[in-house]
Each structure stands twice: as C-alpha cells, then as structure tokens.
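Raw final_37.txt, compact mmCIF, C-alpha atoms and all ligand atoms:
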```txt
# COMPACT_ATOMS: atom_id res chain seq x y z
CA MET A 1 23.75 1.90 16.48
CA ASN A 2 25.88 3.84 13.99
CA HIS A 3 25.52 7.54 13.26
CA ILE A 4 23.37 7.10 10.16
CA ALA A 5 21.00 4.77 12.00
CA SER A 6 20.73 7.07 15.02
CA SER A 7 19.99 10.16 12.92
CA LEU A 8 17.45 8.16 10.89
CA LYS A 9 15.72 7.18 14.11
CA ALA A 10 15.75 10.77 15.42
CA ASP A 11 14.24 12.11 12.19
CA TYR A 12 11.64 9.34 12.23
CA GLU A 13 10.64 10.06 15.81
CA ARG A 14 10.26 13.79 15.07
CA ASP A 15 8.46 13.61 11.71
CA GLY A 16 7.06 10.06 11.47
CA PHE A 17 8.90 9.49 8.18
CA VAL A 18 12.29 9.65 6.46
CA PHE A 19 13.09 9.95 2.75
CA PRO A 20 14.78 9.46 0.39
CA LEU A 21 16.77 6.36 1.26
CA ASP A 22 18.95 4.97 -1.53
CA ILE A 23 18.22 1.24 -1.70
CA LEU A 24 18.63 0.00 -5.28
CA SER A 25 20.51 1.36 -8.28
CA ALA A 26 18.38 2.54 -11.19
CA ALA A 27 19.39 -0.64 -13.06
CA GLU A 28 18.40 -2.90 -10.14
CA ALA A 29 15.04 -1.12 -9.85
CA ALA A 30 14.49 -1.58 -13.58
CA ASP A 31 15.27 -5.31 -13.28
CA LEU A 32 12.78 -5.67 -10.43
CA ARG A 33 10.11 -3.84 -12.41
CA ALA A 34 10.82 -6.04 -15.45
CA ASP A 35 10.45 -9.18 -13.33
CA LEU A 36 7.12 -7.93 -11.97
CA GLU A 37 5.86 -6.95 -15.41
CA ALA A 38 6.85 -10.33 -16.89
CA GLY A 39 4.83 -11.93 -14.09
CA GLU A 40 1.87 -9.63 -14.77
CA ALA A 41 2.01 -10.50 -18.48
CA ALA A 42 2.12 -14.24 -17.72
CA LEU A 43 -0.98 -13.90 -15.49
CA ALA A 44 -2.89 -11.48 -17.75
CA GLY A 45 -5.77 -13.95 -18.18
CA ASP A 46 -5.99 -14.87 -14.49
CA ARG A 47 -7.41 -12.04 -12.40
CA LYS A 48 -7.19 -13.97 -9.15
CA ARG A 49 -3.51 -14.86 -9.43
CA LEU A 50 -2.69 -11.42 -10.81
CA GLY A 51 -4.23 -9.91 -7.69
CA MET A 52 -2.17 -12.25 -5.52
CA LEU A 53 1.01 -11.31 -7.37
CA ARG A 54 0.35 -7.59 -6.81
CA GLY A 55 -0.74 -8.03 -3.20
CA TYR A 56 1.95 -10.52 -2.11
CA PRO A 57 4.92 -10.12 -4.48
CA ALA A 58 7.49 -11.22 -1.90
CA ARG A 59 5.67 -14.55 -1.47
CA LEU A 60 5.68 -15.30 -5.21
CA LEU A 61 8.74 -13.66 -6.77
CA PRO A 62 12.21 -14.44 -5.36
CA SER A 63 13.36 -11.00 -6.57
CA PHE A 64 10.85 -9.26 -4.26
CA ASP A 65 11.66 -11.61 -1.37
CA ARG A 66 15.28 -10.50 -1.78
CA LEU A 67 14.14 -6.86 -1.73
CA THR A 68 12.51 -7.39 1.68
CA ARG A 69 15.81 -8.87 2.94
CA HIS A 70 18.07 -6.30 1.23
CA PRO A 71 20.71 -5.15 3.75
CA ALA A 72 19.81 -1.46 3.33
CA MET A 73 16.10 -2.22 3.83
CA VAL A 74 16.68 -4.40 6.87
CA ALA A 75 19.14 -1.90 8.38
CA ALA A 76 16.60 0.91 8.08
CA ALA A 77 13.82 -1.22 9.60
CA ALA A 78 16.11 -2.40 12.42
CA ALA A 79 17.17 1.20 13.18
CA ILE A 80 13.50 1.88 13.98
CA LEU A 81 12.30 -1.45 15.38
CA GLY A 82 15.38 -3.04 16.94
CA PRO A 83 17.29 -6.20 16.10
CA ASP A 84 14.34 -8.57 15.58
CA VAL A 85 12.25 -7.77 12.51
CA LEU A 86 9.49 -9.59 10.63
CA VAL A 87 8.05 -8.84 7.19
CA TRP A 88 4.32 -8.64 7.95
CA GLY A 89 3.43 -7.96 4.34
CA SER A 90 4.48 -6.69 0.96
CA GLY A 91 2.21 -5.14 -1.61
CA LEU A 92 2.38 -3.18 -4.81
CA PHE A 93 0.63 0.14 -5.19
CA ILE A 94 0.26 0.59 -8.93
CA LYS A 95 -1.33 3.55 -10.66
CA GLU A 96 -1.55 2.93 -14.37
CA ALA A 97 -0.54 5.70 -16.79
CA ASN A 98 -3.14 8.48 -16.93
CA SER A 99 -5.38 6.89 -14.32
CA PRO A 100 -7.66 8.52 -11.75
CA HIS A 101 -6.71 6.19 -8.90
CA TYR A 102 -5.85 7.85 -5.64
CA VAL A 103 -5.37 6.93 -2.00
CA SER A 104 -7.47 8.79 0.57
CA TRP A 105 -5.96 10.23 3.78
CA HIS A 106 -5.48 7.40 6.24
CA GLN A 107 -3.35 5.81 8.96
CA ASP A 108 -2.09 2.36 7.96
CA LEU A 109 -2.59 0.55 11.26
CA THR A 110 -6.30 1.38 11.44
CA TYR A 111 -7.55 -1.94 10.05
CA TRP A 112 -4.66 -4.33 10.32
CA GLY A 113 -5.90 -5.75 13.62
CA LEU A 114 -2.49 -5.49 15.31
CA ASP A 115 -2.23 -4.64 18.99
CA ARG A 116 0.48 -1.96 18.96
CA ALA A 117 2.41 0.34 16.65
CA ASP A 118 5.85 -1.28 16.34
CA GLU A 119 5.59 -1.18 12.58
CA VAL A 120 7.30 0.71 9.79
CA THR A 121 6.62 0.72 6.05
CA LEU A 122 9.42 1.01 3.53
CA TRP A 123 7.92 2.13 0.23
CA VAL A 124 10.30 1.48 -2.68
CA ALA A 125 9.78 3.31 -5.98
CA LEU A 126 10.05 1.13 -9.09
CA SER A 127 9.14 4.01 -11.40
CA PRO A 128 9.43 7.76 -10.80
CA ALA A 129 7.26 8.90 -7.87
CA THR A 130 6.53 12.55 -8.64
CA VAL A 131 3.70 14.97 -7.93
CA ALA A 132 2.44 14.35 -11.49
CA SER A 133 2.55 10.54 -11.11
CA GLY A 134 0.74 10.62 -7.75
CA CYS A 135 3.48 10.27 -5.16
CA MET A 136 2.55 9.89 -1.50
CA ARG A 137 2.03 12.96 0.71
CA PHE A 138 2.88 12.91 4.42
CA VAL A 139 1.80 15.24 7.25
CA PRO A 140 4.88 15.75 9.46
CA GLY A 141 4.36 14.88 13.11
CA SER A 142 0.91 13.34 12.55
CA HIS A 143 2.27 9.94 13.70
CA ARG A 144 2.00 11.24 17.26
CA GLU A 145 -1.78 10.96 16.99
CA ARG A 146 -3.32 7.70 18.09
CA ILE A 147 -5.54 5.94 15.56
CA LEU A 148 -8.32 8.43 14.79
CA PRO A 149 -11.78 7.62 13.43
CA HIS A 150 -11.94 6.56 9.78
CA ALA A 151 -15.00 6.14 7.57
CA ASP A 152 -15.35 3.52 4.82
CA SER A 153 -16.09 5.20 1.49
CA PHE A 154 -15.45 2.31 -0.95
CA GLY A 155 -14.82 5.06 -3.55
CA ALA A 156 -14.51 3.57 -7.04
CA ASP A 157 -11.06 5.03 -7.73
CA ASN A 158 -9.71 4.62 -4.20
CA LEU A 159 -6.90 2.04 -4.10
CA LEU A 160 -7.47 1.24 -0.41
CA SER A 161 -9.36 -1.96 0.34
CA ARG A 162 -12.31 -0.28 2.08
CA GLY A 163 -11.81 3.24 0.78
CA GLN A 164 -10.99 4.04 4.39
CA GLU A 165 -10.54 7.75 4.98
CA LEU A 166 -9.68 9.79 8.05
CA ALA A 167 -12.90 11.28 9.37
CA VAL A 168 -11.05 14.30 10.77
CA ALA A 169 -9.90 17.36 8.81
CA VAL A 170 -6.35 17.01 7.50
CA ASP A 171 -4.34 20.21 7.11
CA GLU A 172 -3.13 19.56 3.57
CA ALA A 173 -1.07 22.76 3.57
CA GLN A 174 1.32 20.97 5.93
CA ALA A 175 1.75 17.95 3.64
CA VAL A 176 5.12 17.03 2.15
CA ASP A 177 5.38 15.51 -1.35
CA VAL A 178 7.34 12.26 -1.18
CA THR A 179 9.13 12.36 -4.52
CA LEU A 180 11.39 9.38 -5.18
CA ALA A 181 13.54 8.18 -8.06
CA PRO A 182 13.36 4.50 -9.02
CA GLY A 183 15.30 2.51 -6.42
CA GLN A 184 14.78 5.06 -3.64
CA ALA A 185 12.51 4.43 -0.67
CA SER A 186 10.64 6.33 1.98
CA LEU A 187 9.81 4.97 5.39
CA HIS A 188 6.76 5.92 7.43
CA HIS A 189 5.09 5.20 10.77
CA GLY A 190 1.83 3.26 10.94
CA HIS A 191 0.02 6.23 12.48
CA LEU A 192 1.26 8.84 9.98
CA PHE A 193 -1.44 10.67 7.99
CA HIS A 194 -0.75 10.00 4.30
CA ALA A 195 -2.50 10.06 0.93
CA SER A 196 -1.67 10.24 -2.77
CA GLY A 197 -3.24 11.68 -5.91
CA PRO A 198 -3.91 10.42 -9.44
CA ASN A 199 -1.28 9.60 -12.06
CA THR A 200 -1.33 12.18 -14.85
CA THR A 201 1.82 10.88 -16.57
CA GLY A 202 2.28 8.45 -19.47
CA ASP A 203 4.12 5.89 -17.31
CA ARG A 204 2.89 3.55 -14.60
CA ARG A 205 3.59 4.63 -11.02
CA ILE A 206 4.74 1.50 -9.20
CA GLY A 207 5.71 1.27 -5.55
CA ALA A 208 6.41 -1.75 -3.38
CA ALA A 209 5.26 -1.21 0.23
CA ILE A 210 7.13 -3.53 2.59
CA ARG A 211 5.61 -3.66 6.10
CA TYR A 212 8.06 -4.51 8.87
CA ILE A 213 7.01 -5.27 12.45
CA THR A 214 8.59 -6.54 15.66
CA PRO A 215 7.84 -10.14 16.67
CA ALA A 216 6.22 -8.76 19.86
CA MET A 217 3.31 -7.42 17.81
CA ARG A 218 0.27 -9.66 17.67
CA ALA A 219 -3.13 -9.78 16.05
CA ARG A 220 -5.94 -8.72 18.41
CA SER A 221 -8.00 -11.62 17.10
CA GLY A 222 -8.15 -14.16 14.33
CA PRO A 223 -5.80 -16.86 13.12
CA ALA A 224 -1.99 -16.46 12.99
CA THR A 225 -1.04 -15.05 9.61
CA GLU A 226 2.11 -15.83 7.67
CA VAL A 227 5.18 -13.58 7.90
CA ALA A 228 8.88 -13.80 7.03
CA LEU A 229 11.82 -13.32 9.38
CA ALA A 230 13.92 -10.45 7.99
CA THR A 231 16.57 -10.41 10.72
CA GLY A 232 17.18 -11.52 14.29
CA GLU A 233 14.92 -13.94 16.12
CA ASP A 234 11.24 -14.46 16.86
CA ARG A 235 10.93 -15.19 20.59
CA PHE A 236 7.15 -14.80 20.61
CA GLY A 237 5.57 -17.09 18.00
CA HIS A 238 2.60 -14.78 17.38
CA PHE A 239 2.79 -15.38 13.63
CA ALA A 240 3.63 -18.31 11.34
CA ILE A 241 7.08 -17.81 9.84
CA VAL A 242 7.38 -18.97 6.24
CA PRO A 243 10.49 -19.45 4.09
CA PRO A 244 11.25 -17.62 0.83
CA PRO A 245 9.31 -18.58 -2.32
CA ARG A 246 9.95 -22.16 -3.51
CA SER A 247 10.50 -20.87 -7.04
CA ARG A 248 9.24 -18.07 -9.27
CA MET A 249 5.40 -18.06 -9.19
CA ASP A 250 5.26 -21.58 -7.76
CA ALA A 251 1.82 -23.25 -7.64
CA ALA A 252 2.32 -24.29 -4.00
CA ASP A 253 3.14 -20.70 -3.04
CA PHE A 254 -0.01 -19.44 -4.78
CA ALA A 255 -2.00 -21.96 -2.73
CA ALA A 256 -0.32 -20.85 0.50
CA VAL A 257 -0.96 -17.18 -0.31
CA ALA A 258 -4.62 -17.88 -1.10
CA ALA A 259 -5.04 -19.49 2.32
CA ASP A 260 -3.27 -16.58 4.02
CA ILE A 261 -5.47 -14.03 2.23
CA GLU A 262 -8.50 -15.74 3.74
CA ARG A 263 -6.98 -15.42 7.21
CA ARG A 264 -6.10 -11.77 6.66
CA GLU A 265 -9.46 -10.81 5.20
CA THR A 266 -11.19 -12.13 8.30
CA ILE A 267 -9.29 -9.43 10.17
CA LEU A 268 -9.23 -6.65 7.53
CA TYR A 269 -12.95 -6.61 6.85
CA GLU A 270 -14.03 -6.98 10.45
CA GLY A 271 -16.77 -4.41 10.85
CA ALA A 272 -16.84 -3.37 7.20
CA ALA A 273 -20.24 -2.81 5.64
CA GLU A 274 -19.25 -4.47 2.39
CA ALA A 275 -16.13 -6.21 1.16
CA GLY A 276 -14.09 -5.23 -1.86
CA ASN A 277 -11.24 -7.16 -3.39
CA ARG A 278 -8.74 -4.39 -3.81
CA GLN A 279 -5.36 -4.37 -2.19
CA SER A 280 -4.85 -3.32 1.40
NI NI B 301 -1.00 3.63 3.66
```

Translate the structure of the given file into structure tokens.
Amino acid sequence: MNHIASSLKADYERDGFVFPLDILSAAEAADLRADLEAGEAALAGDRKRLGMLRGYPARLLPSFDRLTRHPAMVAAAAAILGPDVLVWGSGLFIKEANSPHYVSWHQDLTYWGLDRADEVTLWVALSPATVASGCMRFVPGSHRERILPHADSFGADNLLSRGQELAVAVDEAQAVDVTLAPGQASLHHGHLFHASGPNTTGDRRIGAAIRYITPAMRARSGPATEVALATGEDRFGHFAIVPPPRSRMDAADFAAVAADIERRETILYEGAAEAGNRQS
C-alpha cells in the first residue's frame, strides 16, 4: 500500500470518513451530469424508468458504470477494503433547486440486510455540495458504534426509503460539513452517523453514492442480488456478478434492474410498517 493509501486508511479508521478526494475534473463532472440530465429528460414521461435511472445509474448509463470503475475510485475503495471489491449499488441523491428535501440522521448499513460492515460509500458531487445546497454532515468517530436503533418516520420530505432515523440523540455540534466541488468525493463508513439538510440554492444538488463492499459480505437472507466486480476476484459467490450496461438505457438492462429491485426490496422493507418507493 502506498503512502497516500495508508494515510487514507488511517484517517478513515480514526474518523469514519475522508474528504475531499479529487476524482473527476470539473469538465468531466459536468459531462457526467449532462449525460444524467439527458437521460432524465428522455424519461420525463416515465416515472418508473426515471426512478430506476436515479436509483441504479451505473446499471443503465455506461458513463456511470465507468465512474464506479474509475481508477481513483477503485484505489480509494481498495485502500479501505482490500484488493477484491464489488459495487453493491449506485444511486443518485438529488435535491432539486430550492427544495425542502433532507436526509435524517442514520447509519447506512441499518437496512441493507448485509451480515458485516466491510462496506464504504464514495459520494461523488456532480454539482456544488455546500451548506446552502444541503451537503452531507458527518459525526467524526461515530462509525465505532454498532448499528443503533432507528425508527421509521416516512417523513414526506425525507429522501430515505423508510424515513429511517437514528432513535438516539445525535450531538450535532460535533458534525462536520462535507463540502465538495463538482468532481470531488467523500468516503464514509457504513456505521457513520450522517444527515443532510434542504437545498436553498437555485441549482440542483446532485451526488452519486457508490457503495463498495468486499465479496465476503453476504445478505443475511433473501435472494442473491446483482453486483459488479470493480477490481480483483470474487472467491465467494454470494452475489450475482453482472457486466457493464449493454448500451445507454438499454431495454434489457431496464428489465434486469426491475427484477433486481424486487429482490432488494424484499430485503430493504423487511419489518417496515409501510413501503415507499423512494430511493434507498
Ligand atoms: Ni446514508
């Protein structure tokens, strides 16, 4: 492991997060955003496919698949997880201009149904992530907590699928604002306490959250869900490895994603009082 990777890992182990990481140039981030927004415009009349595009961009847009395999992304994930890394999921967290949407305090791994915590999220900014636009906030060191109780709120403006919220008091005075320029990323541990506020700016706040895991992770129950191999090998076979998108917004990929969403929702909504259709 080189010096940068070893200091990244040390910071991650101490704080539960690292930022900013320079991943894309401003121009590359703008191209990625433009590709997404062209896809959104093409699907404007199709709520179901639009939701799939925003929840699974790396399965439907070759540009986002390439982002998950970008050498700087994979190197950061491998510095934390080791040489074998899967992409468990990718999803966009979009707050429209001047919108009240927020994300309540939570720990990511609470509802994913995975058996351990060998997971890291790289969150890539595709527009400015600032306090005014509702950037994420992290509580340093909170990743050392195990999964704590959460309550489902299903709050109307909460972007989380169940409105899940930590049921313990969070010391917000300790929280760090994760400001990022387009093309920069943060990485955070699956047990880290994090949240984000509304977007009070005139631009959309767009982030792509790429969830990396080790192949040793497995679902506690339910069918094997589809993942991509980012680097190394899968010696376990706990998940179904799928190739990159066939083409841009390919009908067969939409069908495959729809089937995978059904598998994942079986796990995500286990125990939930009611089901929403927002992104996880
Ligand atoms: Ni989260």

Counting all atoms listed in the file, what residues are within 10 Å of ligand NI 301 (chain B), given as a list in words?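 The residues near ligand NI 301 (chain B) are Phe93, Val103, Ser104, Trp105, His106, Gln107, Asp108, Leu109, Thr110, Thr121, Trp123, Met136, Leu159, Leu160, His188, His189, Gly190, His191, Leu192, Phe193, His194, Ala195, Ser196, Ala209 and Ser280 of chain A.
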
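Look at region 219-224 of chain A: the protein and nucleic acid residues within 7 Å of it, using all atoms listed in the file and passing over chain neighbours fewer than 5 places away, are Gly113, Leu114, Asp115, His238, Phe239, Ala240, Arg263 and Ile267 of chain A.
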
Report as a PyMOL selection string all protein, DNA and RNA residues lying within 12 Å of Pro215 (chain A), evaluated on all atoms listed in the file, omitting residues in the same chain fewer than 2 positions from it. chain A and resi 81-88+114-119+212-213+217-219+227-241

Contacts of region 62-79 of chain A within 7 Å, only C-alpha atoms, excl. fewer than 2 positions in-chain, as a PyMOL selection string: chain A and resi 5+9+23+32+57-60+81-83+85+120+210+212+230+244-245+247-248

Show me a table, sorted first by chain and then by increasing residue number, of the residues of region 73-148 of chain A having an atom at most 8 Å from region 164-181 of chain A, each with its shortest atom pair and the distance in Å to one decimal, counting all atoms listed in the file and written as JSON lines.
```
{"residue": "A:Ser104", "atom": "CA", "partner": "A:Glu165", "partner_atom": "CA", "distance": 5.5}
{"residue": "A:Trp105", "atom": "CA", "partner": "A:Glu165", "partner_atom": "CA", "distance": 5.3}
{"residue": "A:His106", "atom": "CA", "partner": "A:Leu166", "partner_atom": "CA", "distance": 5.2}
{"residue": "A:Gln107", "atom": "CA", "partner": "A:Leu166", "partner_atom": "CA", "distance": 7.5}
{"residue": "A:Ala125", "atom": "CA", "partner": "A:Leu180", "partner_atom": "CA", "distance": 6.3}
{"residue": "A:Leu126", "atom": "CA", "partner": "A:Ala181", "partner_atom": "CA", "distance": 7.9}
{"residue": "A:Ser127", "atom": "CA", "partner": "A:Ala181", "partner_atom": "CA", "distance": 6.9}
{"residue": "A:Pro128", "atom": "CA", "partner": "A:Ala181", "partner_atom": "CA", "distance": 5.0}
{"residue": "A:Ala129", "atom": "CA", "partner": "A:Leu180", "partner_atom": "CA", "distance": 5.0}
{"residue": "A:Thr130", "atom": "CA", "partner": "A:Thr179", "partner_atom": "CA", "distance": 4.9}
{"residue": "A:Val131", "atom": "CA", "partner": "A:Asp177", "partner_atom": "CA", "distance": 6.8}
{"residue": "A:Cys135", "atom": "CA", "partner": "A:Val178", "partner_atom": "CA", "distance": 5.9}
{"residue": "A:Met136", "atom": "CA", "partner": "A:Val178", "partner_atom": "CA", "distance": 5.4}
{"residue": "A:Arg137", "atom": "CA", "partner": "A:Asp177", "partner_atom": "CA", "distance": 4.7}
{"residue": "A:Phe138", "atom": "CA", "partner": "A:Val176", "partner_atom": "CA", "distance": 5.2}
{"residue": "A:Val139", "atom": "CA", "partner": "A:Ala175", "partner_atom": "CA", "distance": 4.5}
{"residue": "A:Pro140", "atom": "CA", "partner": "A:Ala175", "partner_atom": "CA", "distance": 7.0}
{"residue": "A:Leu148", "atom": "CA", "partner": "A:Leu166", "partner_atom": "CA", "distance": 7.0}
```

For each of A:Thr266, A:Thr201, A:Gln184, A:Ser161, take the minimum atom-to-atom distance to Asp22 (chain A), counting only C-alpha atoms, then give the residue where this is smallest. A:Gln184
